[in-house]
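Next up, structure26.csv (CSV, C-alpha atoms):
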chain,number,residue,atom,x,y,z
X,300,MET,CA,92.7,13.6,9.3
X,301,GLY,CA,88.9,12.8,9.1
X,302,ALA,CA,86.8,10.9,6.6
X,303,ASP,CA,86.6,12.2,3.0
X,304,LEU,CA,82.9,12.2,2.2
X,305,SER,CA,83.5,12.0,-1.5
X,306,LEU,CA,85.2,8.6,-1.0
X,307,MET,CA,82.3,7.2,1.0
X,308,GLN,CA,80.0,8.5,-1.7
X,309,ALA,CA,82.1,6.6,-4.2
X,310,ALA,CA,81.7,3.5,-2.1
X,311,LEU,CA,78.0,4.1,-2.0
X,312,ASP,CA,77.8,4.5,-5.8
X,313,ILE,CA,79.8,1.2,-6.3
X,314,ALA,CA,77.5,-0.6,-3.9
X,315,GLU,CA,74.5,0.4,-6.0
X,316,THR,CA,75.9,-1.6,-8.9
X,317,GLY,CA,75.3,-4.7,-6.8
X,318,ARG,CA,71.6,-4.0,-6.2
X,319,GLY,CA,69.5,-7.2,-6.8
X,320,LYS,CA,72.6,-9.4,-7.4
X,321,THR,CA,73.8,-10.4,-3.9
X,322,SER,CA,70.9,-11.7,-1.9
X,323,PRO,CA,70.7,-12.8,0.8
X,324,ASN,CA,73.9,-10.8,1.4
X,325,PRO,CA,73.7,-7.0,1.5
X,326,PHE,CA,75.2,-5.1,-1.5
X,327,VAL,CA,78.2,-3.3,-0.1
X,328,GLY,CA,80.7,-1.0,-1.7
X,329,CYS,CA,84.4,-0.5,-0.8
X,330,VAL,CA,87.1,1.9,-1.8
X,331,ILE,CA,90.8,1.7,-0.9
X,332,VAL,CA,92.9,4.9,-1.1
X,333,LYS,CA,96.6,5.5,-0.6
X,334,ASP,CA,98.5,8.8,-0.8
X,335,GLY,CA,95.3,10.4,-2.3
X,336,GLU,CA,95.0,7.8,-5.1
X,337,VAL,CA,92.2,5.2,-5.3
X,338,VAL,CA,94.1,1.9,-5.6
X,339,GLY,CA,91.2,-0.6,-5.2
X,340,LYS,CA,87.4,-0.7,-5.6
X,341,GLY,CA,85.0,-3.5,-4.8
X,342,VAL,CA,81.3,-4.5,-4.7
X,343,THR,CA,79.8,-7.6,-3.1
X,344,GLN,CA,79.5,-10.4,-5.6
X,345,LYS,CA,76.8,-13.1,-5.7
X,346,CYS,CA,76.2,-15.1,-2.5
X,347,GLY,CA,79.2,-17.4,-1.8
X,348,SER,CA,81.7,-15.2,-3.7
X,349,ASP,CA,83.8,-12.3,-2.6
X,350,HIS,CA,82.5,-9.5,-0.4
X,351,ALA,CA,83.3,-5.9,-1.4
X,352,GLU,CA,86.3,-5.6,0.9
X,353,ILE,CA,88.0,-8.7,-0.6
X,354,GLN,CA,87.4,-7.5,-4.2
X,355,ALA,CA,88.9,-4.1,-3.3
X,356,LEU,CA,91.9,-5.7,-1.6
X,357,LYS,CA,92.6,-8.0,-4.6
X,358,ARG,CA,92.6,-5.0,-6.9
X,359,ALA,CA,94.8,-3.0,-4.6
X,360,GLY,CA,97.3,-5.8,-4.1
X,361,ASN,CA,100.4,-4.7,-2.1
X,362,LYS,CA,99.3,-1.1,-2.3
X,363,SER,CA,96.8,-2.0,0.5
X,364,SER,CA,99.7,-1.8,3.1
X,365,GLY,CA,99.3,1.5,4.9
X,366,ALA,CA,96.2,2.5,2.9
X,367,GLU,CA,92.8,3.7,4.0
X,368,MET,CA,89.6,1.8,3.4
X,369,TYR,CA,86.0,3.2,3.0
X,370,VAL,CA,83.2,0.6,3.2
X,371,THR,CA,79.5,1.2,3.5
X,372,LEU,CA,78.8,-1.6,6.1
X,373,GLU,CA,80.9,-3.0,9.0
X,374,PRO,CA,83.1,-5.8,7.7
X,375,CYS,CA,82.1,-9.4,8.6
X,376,CYS,CA,84.1,-11.2,11.3
X,377,PHE,CA,82.8,-14.7,11.1
X,378,GLN,CA,83.2,-17.7,8.8
X,379,GLY,CA,80.1,-18.1,6.6
X,380,ARG,CA,80.1,-19.1,3.0
X,381,THR,CA,83.3,-17.0,2.8
X,382,PRO,CA,86.1,-16.3,5.3
X,383,PRO,CA,85.9,-13.2,7.6
X,384,CYS,CA,86.7,-10.0,5.9
X,385,THR,CA,88.3,-8.5,9.1
X,386,GLU,CA,91.1,-11.1,8.9
X,387,ALA,CA,91.9,-10.2,5.3
X,388,ILE,CA,91.9,-6.5,6.1
X,389,ILE,CA,94.3,-7.0,9.0
X,390,ARG,CA,96.6,-9.2,6.9
X,391,ALA,CA,96.7,-6.6,4.1
X,392,GLY,CA,98.0,-3.9,6.4
X,393,ILE,CA,95.2,-1.4,6.1
X,394,SER,CA,96.0,1.5,8.5
X,395,SER,CA,92.5,3.2,8.8
X,396,ILE,CA,89.0,2.2,7.9
X,397,TYR,CA,86.0,4.4,7.6
X,398,ILE,CA,82.7,2.5,8.0
X,399,GLY,CA,79.3,3.8,7.0
X,400,ILE,CA,77.1,1.8,9.4
X,401,LYS,CA,77.3,-1.0,12.0
X,402,ASP,CA,76.1,-4.4,10.8
X,403,PRO,CA,73.1,-5.4,12.9
X,404,ASN,CA,73.7,-9.1,12.2
X,405,PRO,CA,74.2,-10.6,15.7
X,406,LYS,CA,77.2,-12.4,14.4
X,407,VAL,CA,78.8,-9.0,13.7
X,408,ASN,CA,77.2,-6.0,15.4
X,409,GLY,CA,80.3,-4.3,16.5
X,410,LYS,CA,82.5,-7.4,16.8
X,411,GLY,CA,84.1,-6.6,13.4
X,412,ILE,CA,85.0,-3.1,14.6
X,413,GLU,CA,86.5,-4.4,17.8
X,414,GLN,CA,88.7,-6.9,15.9
X,415,LEU,CA,90.0,-4.2,13.6
X,416,LYS,CA,90.7,-1.9,16.6
X,417,SER,CA,92.5,-4.7,18.5
X,418,ALA,CA,94.8,-5.1,15.5
X,419,GLY,CA,95.8,-1.4,15.7
X,420,ILE,CA,93.7,-0.2,12.8
X,421,LYS,CA,92.1,3.2,13.2
X,422,VAL,CA,88.3,2.9,12.9
X,423,GLU,CA,85.7,5.7,12.3
X,424,LEU,CA,82.0,4.7,12.2
X,425,GLY,CA,79.0,6.6,11.2
X,426,ILE,CA,79.6,8.3,7.8
X,427,MET,CA,76.6,9.0,5.5
X,428,GLU,CA,74.5,6.9,7.7
X,429,SER,CA,71.1,8.1,6.4
X,430,GLU,CA,72.0,7.4,2.8
X,431,ILE,CA,73.4,3.9,3.6
X,432,ASN,CA,70.4,3.0,5.8
X,433,THR,CA,68.1,3.8,2.9
X,434,GLN,CA,70.3,1.9,0.4
X,435,LEU,CA,70.5,-1.2,2.7
X,436,GLU,CA,66.9,-1.0,3.8
X,437,TYR,CA,66.2,-4.6,2.6
X,438,TYR,CA,69.1,-6.1,4.6
X,439,LEU,CA,68.5,-4.0,7.7
X,440,THR,CA,64.8,-5.1,7.8
X,441,ASN,CA,65.9,-8.8,7.4
X,442,MET,CA,68.3,-8.5,10.4
X,443,LYS,CA,66.0,-6.5,12.6
X,444,LYS,CA,62.6,-8.2,11.9
X,445,GLN,CA,63.8,-11.6,10.7
X,446,ARG,CA,61.6,-11.5,7.6
X,447,PRO,CA,61.8,-10.3,4.0
X,448,PHE,CA,61.5,-6.6,3.2
X,449,VAL,CA,58.0,-6.2,1.6
X,450,ILE,CA,57.3,-3.8,-1.3
X,451,MET,CA,53.8,-3.1,-2.6
X,452,LYS,CA,53.3,-2.0,-6.2
X,453,THR,CA,50.0,-0.9,-7.6
X,454,ALA,CA,48.7,1.0,-10.6
X,455,MET,CA,45.7,3.2,-10.1
X,456,THR,CA,43.6,5.8,-11.8
X,457,ILE,CA,43.7,9.4,-10.5
X,458,ASP,CA,40.5,8.7,-8.6
X,459,GLY,CA,41.9,5.7,-6.8
X,460,PHE,CA,40.7,2.6,-8.7
X,461,THR,CA,43.0,-0.3,-9.6
X,462,ALA,CA,40.4,-2.1,-11.8
X,463,GLY,CA,36.9,-1.7,-13.1
X,464,GLY,CA,33.9,-3.2,-11.5
X,465,ASP,CA,34.2,-6.1,-13.9
X,466,GLY,CA,37.8,-6.7,-12.8
X,467,SER,CA,39.4,-5.3,-16.0
X,468,SER,CA,42.7,-3.4,-15.4
X,469,LYS,CA,44.6,-3.4,-18.7
X,470,TRP,CA,46.1,-1.0,-19.1
X,471,ILE,CA,45.9,1.6,-16.4
X,472,SER,CA,49.6,2.6,-16.3
X,473,GLY,CA,51.6,3.4,-19.4
X,474,GLU,CA,54.5,1.8,-21.2
X,475,GLN,CA,57.2,3.6,-19.3
X,476,SER,CA,55.7,2.7,-15.9
X,477,GLY,CA,55.7,-0.9,-17.2
X,478,ARG,CA,59.4,-0.7,-17.8
X,479,LYS,CA,59.9,0.7,-14.3
X,480,VAL,CA,58.0,-2.3,-12.9
X,481,HIS,CA,60.3,-4.7,-14.7
X,482,GLU,CA,63.3,-2.8,-13.3
X,483,LEU,CA,61.9,-3.3,-9.8
X,484,ARG,CA,61.3,-7.0,-10.5
X,485,SER,CA,65.0,-7.3,-11.3
X,486,GLU,CA,65.8,-6.4,-7.7
X,487,MET,CA,63.3,-8.8,-6.1
X,488,ASP,CA,64.0,-12.3,-4.8
X,489,ALA,CA,60.3,-13.1,-5.1
X,490,ILE,CA,56.9,-11.7,-6.3
X,491,ILE,CA,53.9,-12.6,-4.2
X,492,THR,CA,50.4,-12.7,-5.7
X,493,GLY,CA,47.0,-14.2,-4.9
X,494,ILE,CA,45.0,-16.9,-6.6
X,495,GLY,CA,42.4,-14.3,-7.6
X,496,THR,CA,45.0,-12.4,-9.7
X,497,VAL,CA,46.2,-15.6,-11.3
X,498,ILE,CA,42.7,-16.7,-12.3
X,499,LYS,CA,41.6,-13.2,-13.5
X,500,ASP,CA,44.8,-12.0,-15.2
X,501,ASP,CA,46.9,-15.1,-15.9
X,502,PRO,CA,50.1,-13.2,-15.4
X,503,GLU,CA,53.6,-14.5,-16.0
X,504,LEU,CA,55.2,-12.3,-13.2
X,505,ASN,CA,58.6,-12.5,-14.9
X,506,ASN,CA,61.2,-9.8,-15.4
X,507,ARG,CA,61.6,-8.5,-19.0
X,508,ASN,CA,64.2,-5.9,-18.1
X,509,GLU,CA,66.7,-6.0,-21.0
X,510,ILE,CA,69.6,-4.8,-19.0
X,511,TYR,CA,69.6,-7.3,-16.1
X,512,CYS,CA,67.3,-10.2,-16.3
X,513,LYS,CA,67.3,-11.9,-12.9
X,514,GLN,CA,64.0,-13.9,-12.5
X,515,PRO,CA,62.3,-13.7,-9.2
X,516,VAL,CA,60.6,-16.6,-7.5
X,517,ARG,CA,56.8,-16.5,-8.2
X,518,VAL,CA,54.8,-17.1,-5.0
X,519,VAL,CA,51.1,-17.7,-5.2
X,520,LEU,CA,48.8,-17.7,-2.1
X,521,ASP,CA,46.1,-20.2,-3.0
X,522,ASN,CA,44.3,-21.5,0.1
X,523,ASN,CA,42.2,-24.1,-1.6
X,524,LEU,CA,44.7,-24.9,-4.5
X,525,ARG,CA,42.5,-23.5,-7.3
X,526,ILE,CA,45.4,-22.6,-9.5
X,527,PRO,CA,44.8,-23.8,-13.1
X,528,LEU,CA,47.3,-26.3,-14.5
X,529,THR,CA,47.0,-24.4,-17.8
X,530,SER,CA,48.0,-21.0,-16.2
X,531,LYS,CA,51.1,-19.3,-17.6
X,532,ILE,CA,52.7,-19.5,-14.1
X,533,VAL,CA,52.3,-23.2,-13.8
X,534,LYS,CA,53.3,-23.9,-17.4
X,535,SER,CA,56.6,-22.0,-17.0
X,536,SER,CA,57.5,-23.4,-13.6
X,537,MET,CA,60.4,-25.5,-15.1
X,538,GLN,CA,62.0,-22.2,-16.3
X,539,GLN,CA,61.2,-19.9,-13.3
X,540,ASP,CA,60.9,-21.0,-9.7
X,541,THR,CA,57.3,-21.1,-8.5
X,542,ILE,CA,56.0,-21.7,-5.0
X,543,VAL,CA,52.3,-22.2,-4.2
X,544,PHE,CA,51.1,-22.0,-0.6
X,545,CYS,CA,47.9,-23.7,0.3
X,546,ASN,CA,46.2,-25.1,3.4
X,547,LYS,CA,46.7,-28.5,4.9
X,548,ASN,CA,43.5,-29.9,3.4
X,549,ALA,CA,44.4,-29.2,-0.3
X,550,ASP,CA,43.8,-32.0,-2.8
X,551,GLU,CA,46.9,-34.3,-2.9
X,552,SER,CA,46.3,-35.4,-6.5
X,553,LYS,CA,46.4,-31.7,-7.5
X,554,VAL,CA,49.6,-31.3,-5.5
X,555,ALA,CA,51.2,-34.2,-7.3
X,556,LYS,CA,50.3,-32.8,-10.7
X,557,LEU,CA,51.7,-29.4,-9.8
X,558,VAL,CA,54.9,-30.9,-8.5
X,559,GLU,CA,55.3,-32.9,-11.7
X,560,MET,CA,55.1,-29.6,-13.6
X,561,GLY,CA,57.8,-28.0,-11.5
X,562,VAL,CA,55.8,-26.2,-8.9
X,563,LYS,CA,56.9,-26.3,-5.2
X,564,VAL,CA,53.8,-26.7,-3.2
X,565,ILE,CA,53.9,-25.9,0.5
X,566,LYS,CA,51.0,-26.8,2.8
X,567,LEU,CA,50.5,-24.7,5.8
X,568,PRO,CA,49.0,-26.0,9.1
X,569,GLU,CA,46.4,-23.2,9.4
X,570,GLU,CA,43.0,-23.3,7.7
X,571,GLU,CA,43.6,-19.8,6.3
X,572,ILE,CA,46.9,-18.6,4.9
X,573,ASP,CA,48.6,-16.1,7.2
X,574,ALA,CA,50.8,-13.3,5.8
X,575,ALA,CA,53.3,-13.5,8.6
X,576,ALA,CA,53.7,-17.2,8.2
X,577,ILE,CA,54.3,-16.8,4.5
X,578,LEU,CA,57.1,-14.3,5.1
X,579,ALA,CA,58.7,-16.5,7.8
X,580,GLU,CA,58.8,-19.5,5.4
X,581,LEU,CA,60.3,-17.3,2.6
X,582,TYR,CA,62.9,-15.9,5.0
X,583,ASN,CA,63.9,-19.4,5.9
X,584,ARG,CA,64.5,-19.9,2.2
X,585,GLU,CA,66.9,-16.9,2.1
X,586,ILE,CA,64.4,-14.7,0.3
X,587,SER,CA,65.2,-11.2,1.5
X,588,VAL,CA,63.0,-8.8,-0.5
X,589,VAL,CA,59.6,-9.4,-2.1
X,590,MET,CA,57.1,-7.4,-4.1
X,591,LEU,CA,53.3,-7.7,-3.8
X,592,GLU,CA,51.5,-7.6,-7.1
X,593,ALA,CA,48.0,-8.5,-6.2
X,594,GLY,CA,44.4,-7.4,-5.6
X,595,GLU,CA,42.8,-5.8,-2.6
X,596,THR,CA,42.2,-9.0,-0.6
X,597,LEU,CA,45.9,-10.0,-0.4
X,598,LEU,CA,47.1,-6.4,-0.2
X,599,SER,CA,44.7,-5.7,2.7
X,600,SER,CA,45.9,-8.7,4.6
X,601,PHE,CA,49.5,-7.5,4.5
X,602,GLU,CA,48.5,-3.9,5.3
X,603,ARG,CA,46.3,-4.9,8.1
X,604,GLU,CA,49.2,-6.7,9.8
X,605,GLY,CA,51.6,-3.8,9.2
X,606,LEU,CA,53.8,-6.0,7.0
X,607,ILE,CA,54.3,-3.5,4.1
X,608,ASP,CA,57.6,-1.7,4.3
X,609,LYS,CA,57.5,0.4,1.1
X,610,TYR,CA,54.9,1.5,-1.4
X,611,TYR,CA,55.1,2.3,-5.1
X,612,PHE,CA,51.9,4.0,-6.4
X,613,PHE,CA,51.7,4.4,-10.2
X,614,ILE,CA,49.0,7.0,-10.8
X,615,ALA,CA,47.6,7.3,-14.3
X,616,PRO,CA,45.8,10.4,-15.6
X,617,GLN,CA,42.5,8.6,-15.9
X,618,ILE,CA,39.1,8.8,-14.2
X,619,LEU,CA,37.3,5.5,-13.9
X,620,GLY,CA,34.5,6.6,-11.6
X,621,ASN,CA,33.8,3.1,-10.1
X,622,GLY,CA,35.6,-0.1,-9.6
X,623,LYS,CA,38.0,-1.8,-7.2
X,624,GLY,CA,40.3,-0.1,-4.7
X,625,ILE,CA,43.8,-0.8,-3.4
X,626,PHE,CA,42.7,-1.9,0.1
X,627,SER,CA,39.5,-3.1,1.8
X,628,LEU,CA,39.8,-2.6,5.5
X,629,LYS,CA,36.2,-2.7,6.4
X,630,GLU,CA,37.0,-2.8,10.1
X,631,HIS,CA,38.2,0.9,9.8
X,632,THR,CA,35.2,3.1,10.6
X,633,GLY,CA,36.9,6.4,11.3
X,634,MET,CA,39.8,8.7,10.7
X,635,SER,CA,41.5,7.5,13.9
X,636,GLN,CA,42.1,4.1,12.3
X,637,ARG,CA,43.9,5.4,9.2
X,638,HIS,CA,47.4,4.3,8.4
X,639,LEU,CA,49.7,7.2,7.9
X,640,LEU,CA,52.4,7.2,5.2
X,641,GLN,CA,55.3,9.6,4.4
X,642,TYR,CA,56.3,10.5,0.9
X,643,HIS,CA,59.9,9.6,-0.2
X,644,SER,CA,59.7,10.8,-3.7
X,645,VAL,CA,57.3,11.9,-6.5
X,646,ASP,CA,58.4,11.3,-10.0
X,647,ARG,CA,57.0,11.7,-13.5
X,648,ILE,CA,57.1,8.4,-15.4
X,649,GLY,CA,55.9,9.1,-19.0
X,650,ASP,CA,52.3,10.3,-18.5
X,651,ASP,CA,52.0,8.7,-15.1
X,652,ILE,CA,53.2,9.8,-11.6
X,653,MET,CA,55.1,7.4,-9.4
X,654,ILE,CA,54.8,8.1,-5.7
X,655,THR,CA,57.3,6.2,-3.4
X,656,ALA,CA,56.2,6.1,0.2
X,657,TYR,CA,57.0,4.5,3.6
X,658,PRO,CA,54.8,3.8,6.6
X,659,ARG,CA,55.0,6.7,9.0
X,660,GLY,CA,56.3,6.2,12.5
Have the structure of the file written as C-alpha cells, please.
Amino acid sequence: MGADLSLMQAALDIAETGRGKTSPNPFVGCVIVKDGEVVGKGVTQKCGSDHAEIQALKRAGNKSSGAEMYVTLEPCCFQGRTPPCTEAIIRAGISSIYIGIKDPNPKVNGKGIEQLKSAGIKVELGIMESEINTQLEYYLTNMKKQRPFVIMKTAMTIDGFTAGGDGSSKWISGEQSGRKVHELRSEMDAIITGIGTVIKDDPELNNRNEIYCKQPVRVVLDNNLRIPLTSKIVKSSMQQDTIVFCNKNADESKVAKLVEMGVKVIKLPEEEIDAAAILAELYNREISVVMLEAGETLLSSFEREGLIDKYYFFIAPQILGNGKGIFSLKEHTGMSQRHLLQYHSVDRIGDDIMITAYPRG
C-alpha cells in the first residue's frame, strides 16, 4: 500500500503552525496513523524541545507499535540539543514511514533513512516534495548556502518609487499591508536595516502582530557608527535585541555608550561593511531568516551580490512622478545585465497589490 497524500498534507498543515517558532530548527509536521485512524500528531517545538516525531509518538503512546508515520522532513539521527528521532521511532515499533524530503544537513542527509531501513522499517521518500521544499525554504537555504535566508520587503508607488525626492515615504502602503508586514516580521529571526533609514525614519522595527508577537533581532549596518543614542532602536535595546555592525575604526567611546544601553556592537575588519560578511556573522549566531527593510543603498548591495532569496513588493495605487527607487545599480548599462525574477503569487491586500517573487534561475 502506497502513501496517502491526504496524510502528508495533514503533516504539512501541522508543520505550518510551527512557522517562526522553531529557529534555527526547521518547522516539521508529523502524523501517526494506525488501522486508518490518526493516533498522534506533532509539530517541532522551540529549539531544544521536542521535534515533531517525538511529539507525535508521545501522543500516540503504545498505539505507535505497528503504525505508519508521515513526516515532512527526514528524521534526525544524531545527538544535538535533543536525542536522535530515529532511535525513538525504532523503539516505538513504527512499521512504515513516509518522508517528504531528505534532510540536507550533512549530519543527516540519508543517514536517518538508512538507520530506519536497517531496523526493518519500510521507508518511502519523496512525497509532496515541491510543497515541502517551498515550506522549508529557509532551512534548505541555511543548509545549502550556510547563511540565513534573505527576504526583501518594500512598499512602492505604481510608478516604482519608494520615497519622495525629499525622502518622505509615509504612508505609501495601506493599513492592511502594514498588518501583513508585521505578520512577516513574526516569522523573522532578524530585520536588517541601514543607518540611513534609522536616521531618516527613526523606526522601531518591532513586531506588533497581535496573534504571535515574537520580536526579531534588529540589525543596523552603520559603517561609521552614526546611530543616534536617542533613536527608538537604541532606547529600546534592553527590551529587544539589537546588533549594530560598524567598521574597525569606529569610535570606542560611542561603542561603550551603546553597549551600556543594551546594544551589541560588532566591529568588522573591513573598511566597508560587506553584505556576505554580515550574513556569515548572523548565521554563526543561529539566525536563519532575515528581512531587509531598508533604502536603495543597502538593498542594492544585497541585490548586487545575489543575496536576496525572496521578494515582497507592496504596490500602492499612487503616482509619485519622481523620487527614490528600490535599487541603484549604476553599473548596469543595458538589458543584458538585468536580474530576472519569477512571480510566485499576486495578491490583493486592501487597496494594494502584494507581489511575491523569487530570483529566476
*Pick from X:Glu436, X:Asp349, X:Glu423, X:Asp303 nearest to Asp608 of chain X, counting all atoms listed in the file*: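 Closest candidate: X:Glu436.
Residue nearest Thr381 of chain X within the list X:Gln354, X:Cys346, X:Ala366, X:His638: X:Cys346 [criterion: smallest interatomic distance, all atoms listed in the file].
Proximity ranking of X:Asn523, X:Asn324, X:Ser476, X:Thr316 relative to Tyr438 of chain X places X:Asn324 first, based on all atoms listed in the file.
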*Which distance in Å separates atom CA of Lys362 of chain X and atom CA of Gly425 of chain X, to one decimal?*
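Atom CA of Gly425 of chain X lies 25.6 Å from atom CA of Lys362 of chain X.
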*Using all atoms listed in the file, pick whichever of X:Tyr611, X:Phe601, X:Tyr657, X:Phe448 has the shortest atom-to-atom distance to Pro323 of chain X.*
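Nearest candidate to Pro323 of chain X out of X:Tyr611, X:Phe601, X:Tyr657, X:Phe448: X:Phe448.
The gap separating atom CA of Glu315 of chain X from atom CA of Tyr397 of chain X is 18.3 Å, in Å to one decimal.
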*By how many Å are atom CA of Leu524 of chain X and atom CA of Lys553 of chain X apart?*
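If I compute the distance from atom CA of Leu524 of chain X to atom CA of Lys553 of chain X, I get 7.6 Å.
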*For Gly392 of chain X, the nearest of the candidates X:Ile420, X:Ala314, X:Ile607, X:Leu581, counting all atoms listed in the file*: X:Ile420
_Need the shell around Lys416 of chain X: protein/DNA/RNA residues with any atom at most 10 Å away, counting only C-alpha atoms. Skip same-chain ones fewer than 5 positions apart. Format as a list in words?_
Ile389, Ser395, Ile396, Lys410, Gly411, Lys421 and Val422 of chain X
*For each of X:Ala575, X:Leu435, X:Leu597, X:Val516, take the minimum atom-to-atom distance to Val562 of chain X, counting only C-alpha atoms, then give the residue where this is smallest.*
X:Val516
*asked:* Taking 5 positions as the minimum chain separation for residues in the same chain, which residues sit within 9 Å of Thr496 of chain X when counting only C-alpha atoms? Answer as a list in words.
replied: Asp501, Pro502, Glu592, Ala593 and Gly594 of chain X
C-alpha atoms of the current selection, written as a PDB file, in the coordinates of the input:
ATOM      1  CA  ASP X 501      46.900 -15.100 -15.900  1.00  0.00           C
ATOM      2  CA  PRO X 502      50.100 -13.200 -15.400  1.00  0.00           C
ATOM      3  CA  GLU X 592      51.500  -7.600  -7.100  1.00  0.00           C
ATOM      4  CA  ALA X 593      48.000  -8.500  -6.200  1.00  0.00           C
ATOM      5  CA  GLY X 594      44.400  -7.400  -5.600  1.00  0.00           C
TER       6      GLY X 594
END
*Pull the neighbourhood of (79.4, -0.1, 14.9) for me: all residues within 10 Å in file coordinates, counting all atoms listed in the file, as a PyMOL selection string.*
chain X and resi 372-374+398-403+407-413+422-425
*Could you give me, as a VMD selection string, the residues within 6 Å of Met451 of chain X, counting only C-alpha atoms and dropping anything in the same chain fewer than 6 positions from it?*
chain X and resid 590 to 591 610
Can you put N, CA, C and O atoms back into segment 437-451 of chain X and show it as a PDB file, in the coordinates of the input?
ATOM      1  N   TYR X 437      66.624  -3.198   2.674  1.00  0.00           N
ATOM      2  CA  TYR X 437      66.200  -4.600   2.600  1.00  0.00           C
ATOM      3  C   TYR X 437      66.912  -5.407   3.680  1.00  0.00           C
ATOM      4  O   TYR X 437      66.298  -6.119   4.469  1.00  0.00           O
ATOM      5  N   TYR X 438      68.236  -5.303   3.667  1.00  0.00           N
ATOM      6  CA  TYR X 438      69.100  -6.100   4.600  1.00  0.00           C
ATOM      7  C   TYR X 438      68.800  -5.732   6.035  1.00  0.00           C
ATOM      8  O   TYR X 438      68.706  -6.612   6.910  1.00  0.00           O
ATOM      9  N   LEU X 439      68.682  -4.446   6.329  1.00  0.00           N
ATOM     10  CA  LEU X 439      68.500  -4.000   7.700  1.00  0.00           C
ATOM     11  C   LEU X 439      67.140  -4.530   8.256  1.00  0.00           C
ATOM     12  O   LEU X 439      67.051  -4.935   9.419  1.00  0.00           O
ATOM     13  N   THR X 440      66.119  -4.555   7.408  1.00  0.00           N
ATOM     14  CA  THR X 440      64.800  -5.100   7.800  1.00  0.00           C
ATOM     15  C   THR X 440      64.972  -6.631   8.061  1.00  0.00           C
ATOM     16  O   THR X 440      64.433  -7.180   9.032  1.00  0.00           O
ATOM     17  N   ASN X 441      65.692  -7.325   7.176  1.00  0.00           N
ATOM     18  CA  ASN X 441      65.900  -8.800   7.400  1.00  0.00           C
ATOM     19  C   ASN X 441      66.521  -9.034   8.742  1.00  0.00           C
ATOM     20  O   ASN X 441      66.067  -9.932   9.468  1.00  0.00           O
ATOM     21  N   MET X 442      67.541  -8.280   9.104  1.00  0.00           N
ATOM     22  CA  MET X 442      68.300  -8.500  10.400  1.00  0.00           C
ATOM     23  C   MET X 442      67.398  -8.144  11.576  1.00  0.00           C
ATOM     24  O   MET X 442      67.389  -8.848  12.582  1.00  0.00           O
ATOM     25  N   LYS X 443      66.685  -7.038  11.477  1.00  0.00           N
ATOM     26  CA  LYS X 443      66.000  -6.500  12.600  1.00  0.00           C
ATOM     27  C   LYS X 443      64.603  -7.227  12.842  1.00  0.00           C
ATOM     28  O   LYS X 443      64.142  -7.389  13.971  1.00  0.00           O
ATOM     29  N   LYS X 444      63.961  -7.632  11.752  1.00  0.00           N
ATOM     30  CA  LYS X 444      62.600  -8.200  11.900  1.00  0.00           C
ATOM     31  C   LYS X 444      62.584  -9.696  11.494  1.00  0.00           C
ATOM     32  O   LYS X 444      61.534 -10.339  11.618  1.00  0.00           O
ATOM     33  N   GLN X 445      63.709 -10.225  11.022  1.00  0.00           N
ATOM     34  CA  GLN X 445      63.800 -11.600  10.700  1.00  0.00           C
ATOM     35  C   GLN X 445      62.712 -12.055   9.678  1.00  0.00           C
ATOM     36  O   GLN X 445      62.048 -13.083   9.814  1.00  0.00           O
ATOM     37  N   ARG X 446      62.537 -11.235   8.676  1.00  0.00           N
ATOM     38  CA  ARG X 446      61.600 -11.500   7.600  1.00  0.00           C
ATOM     39  C   ARG X 446      62.051 -10.728   6.365  1.00  0.00           C
ATOM     40  O   ARG X 446      62.872  -9.818   6.459  1.00  0.00           O
ATOM     41  N   PRO X 447      61.498 -11.061   5.188  1.00  0.00           N
ATOM     42  CA  PRO X 447      61.800 -10.300   4.000  1.00  0.00           C
ATOM     43  C   PRO X 447      61.319  -8.840   4.098  1.00  0.00           C
ATOM     44  O   PRO X 447      60.322  -8.568   4.774  1.00  0.00           O
ATOM     45  N   PHE X 448      61.987  -7.944   3.398  1.00  0.00           N
ATOM     46  CA  PHE X 448      61.500  -6.600   3.200  1.00  0.00           C
ATOM     47  C   PHE X 448      60.350  -6.688   2.178  1.00  0.00           C
ATOM     48  O   PHE X 448      60.468  -7.356   1.156  1.00  0.00           O
ATOM     49  N   VAL X 449      59.216  -6.026   2.461  1.00  0.00           N
ATOM     50  CA  VAL X 449      58.000  -6.200   1.600  1.00  0.00           C
ATOM     51  C   VAL X 449      57.709  -4.857   0.924  1.00  0.00           C
ATOM     52  O   VAL X 449      57.515  -3.820   1.559  1.00  0.00           O
ATOM     53  N   ILE X 450      57.665  -4.932  -0.405  1.00  0.00           N
ATOM     54  CA  ILE X 450      57.300  -3.800  -1.300  1.00  0.00           C
ATOM     55  C   ILE X 450      55.945  -4.046  -1.863  1.00  0.00           C
ATOM     56  O   ILE X 450      55.645  -5.156  -2.288  1.00  0.00           O
ATOM     57  N   MET X 451      55.118  -3.009  -1.885  1.00  0.00           N
ATOM     58  CA  MET X 451      53.800  -3.100  -2.600  1.00  0.00           C
ATOM     59  C   MET X 451      53.864  -2.229  -3.802  1.00  0.00           C
ATOM     60  O   MET X 451      54.283  -1.076  -3.741  1.00  0.00           O
TER      61      MET X 451
END
